[in-house]
file target20.txt (compact mmCIF, C-alpha atoms)
# COMPACT_ATOMS: atom_id res chain seq x y z
CA MET X 1 107.86 38.87 134.91
CA ASP X 2 107.72 36.74 131.86
CA LEU X 3 106.37 38.19 128.65
CA PRO X 4 104.05 35.98 126.69
CA SER X 5 105.56 34.66 123.54
CA VAL X 6 104.23 36.10 120.34
CA SER X 7 104.20 34.07 117.20
CA LYS X 8 105.42 35.34 113.87
CA GLU X 9 101.93 34.86 112.47
CA SER X 10 100.48 37.13 115.16
CA ILE X 11 103.07 39.79 114.43
CA ASP X 12 102.35 39.48 110.69
CA VAL X 13 98.59 39.86 111.30
CA VAL X 14 99.10 42.93 113.50
CA SER X 15 101.59 44.35 111.01
CA THR X 16 99.17 43.82 108.12
CA LYS X 17 96.32 45.44 110.05
CA PHE X 18 98.55 48.35 111.04
CA ASP X 19 99.67 48.82 107.40
CA LYS X 20 95.99 48.77 106.33
CA ILE X 21 95.10 51.39 108.96
CA ILE X 22 98.03 53.58 107.87
CA ALA X 23 97.01 53.20 104.20
CA ASP X 24 93.37 54.09 105.04
CA VAL X 25 94.46 57.14 107.06
CA SER X 26 96.81 58.19 104.29
CA GLU X 27 94.08 57.77 101.66
CA ARG X 28 91.59 59.76 103.75
CA MET X 29 94.19 62.46 104.39
CA ASN X 30 94.95 62.73 100.66
CA TYR X 31 91.22 62.99 99.93
CA LEU X 32 90.83 65.76 102.50
CA ILE X 33 93.86 67.58 101.12
CA GLN X 34 92.37 67.37 97.62
CA GLN X 35 88.98 68.62 98.84
CA THR X 36 90.62 71.46 100.76
CA CYS X 37 92.64 72.52 97.72
CA GLN X 38 89.56 72.46 95.50
CA SER X 39 87.59 74.47 98.03
CA ALA X 40 90.40 77.00 98.38
CA GLU X 41 90.65 77.30 94.59
CA ARG X 42 86.90 77.86 94.25
CA HIS X 43 87.01 80.46 97.01
CA HIS X 44 89.98 82.16 95.34
CA GLU X 45 88.13 82.24 92.00
CA GLN X 46 85.08 83.75 93.69
CA CYS X 47 87.25 86.38 95.36
CA VAL X 48 88.90 87.24 92.04
CA THR X 49 85.47 87.55 90.42
CA VAL X 50 84.23 89.82 93.20
CA ALA X 51 87.39 91.94 92.97
CA ASP X 52 87.05 92.20 89.17
CA GLU X 53 83.41 93.23 89.49
CA ALA X 54 84.30 95.81 92.15
CA THR X 55 87.06 97.21 89.94
CA TRP X 56 84.63 97.44 87.02
CA GLU X 57 82.06 99.23 89.21
CA MET X 58 84.69 101.67 90.52
CA ASP X 59 85.77 102.46 86.96
CA ARG X 60 82.14 103.00 85.99
CA LEU X 61 81.59 105.32 88.95
CA ARG X 62 84.75 107.27 88.09
CA THR X 63 83.40 107.75 84.58
CA ILE X 64 80.07 108.93 85.96
CA ILE X 65 81.82 111.34 88.33
CA GLU X 66 83.91 112.71 85.45
CA ARG X 67 80.75 113.26 83.41
CA CYS X 68 79.08 114.98 86.38
CA ASP X 69 82.13 117.23 86.73
CA GLU X 70 81.89 118.10 83.02
CA ILE X 71 78.17 118.89 83.39
CA GLU X 72 78.91 121.01 86.45
CA LEU X 73 81.45 122.99 84.40
CA GLU X 74 78.87 123.46 81.65
CA PHE X 75 76.34 124.78 84.19
CA ALA X 76 78.99 127.17 85.52
CA LYS X 77 79.59 128.39 81.96
CA ILE X 78 75.84 128.84 81.42
CA LYS X 79 75.61 130.79 84.67
CA ARG X 80 78.50 133.03 83.61
CA ILE X 81 76.89 133.59 80.19
CA GLY X 82 73.67 134.55 82.00
CA GLU X 83 75.62 137.06 84.09
CA ILE X 84 77.24 138.51 80.95
CA VAL X 85 73.84 138.79 79.22
CA LYS X 86 72.44 140.54 82.28
CA GLU X 87 75.36 142.98 82.26
CA PHE X 88 74.80 143.68 78.55
CA LYS X 89 71.11 144.26 79.15
CA ASN X 90 71.94 146.67 81.94
CA ARG X 91 74.40 148.53 79.69
CA VAL X 92 71.88 148.67 76.85
CA SER X 93 69.24 149.93 79.25
CA TYR X 94 71.65 152.54 80.62
CA LEU X 95 72.62 153.66 77.12
CA GLU X 96 68.97 153.85 76.03
CA LYS X 97 68.23 156.09 79.02
CA ARG X 98 71.16 158.36 78.11
CA VAL X 99 69.96 158.88 74.60

call {"tool": "encode", "arguments": {"input": "target20.txt", "output": "structure tokens"}}
result
Amino acid sequence: MDLPSVSKESIDVVSTKFDKIIADVSERMNYLIQQTCQSAERHHEQCVTVADEATWEMDRLRTIIERCDEIELEFAKIKRIGEIVKEFKNRVSYLEKRV
């Protein structure tokens, strides 16, 4: 089977078209890579922002919990003082009855 002869001009045209297609694909691929990197960077920045906000909120909640613990201790002290006052009143009452 004989292959048809191909002229140099035909090969040059096909080669030029192929180079153009490769250049277009390469350009599109570079564009998509750039867009992907920008999207990933934006997403990363959003994640960092969310993480920073969550950390701030956790710190704020820890502070609130610490304050609640302090208030709880103060209420316990007040309760104990009330018990002591009651005991003193009972003693005074007892002593008054003895006199």

call {"tool": "atom_distance", "arguments": {"input": "target20.txt", "atom1": "CA of Lys20 (chain X)", "atom2": "CA of Lys8 (chain X)"}}
result
18.1 Å

call {"tool": "atom_distance", "arguments": {"input": "target20.txt", "atom1": "CA of Ile21 (chain X)", "atom2": "CA of Ser5 (chain X)"}}
result
24.5 Å

call {"tool": "axis_aligned_box", "arguments": {"input": "target20.txt", "around": "region 32-37 of chain X", "padding_each_side": "8 Å", "output": "JSON"}}
result
{"center_x": 91.4, "center_y": 69.1, "center_z": 100.1, "size_x": 20.9, "size_y": 22.8, "size_z": 20.9}

call {"tool": "atom_distance", "arguments": {"input": "target20.txt", "atom1": "CA of Val6 (chain X)", "atom2": "CA of Phe18 (chain X)"}}
result
16.4 Å
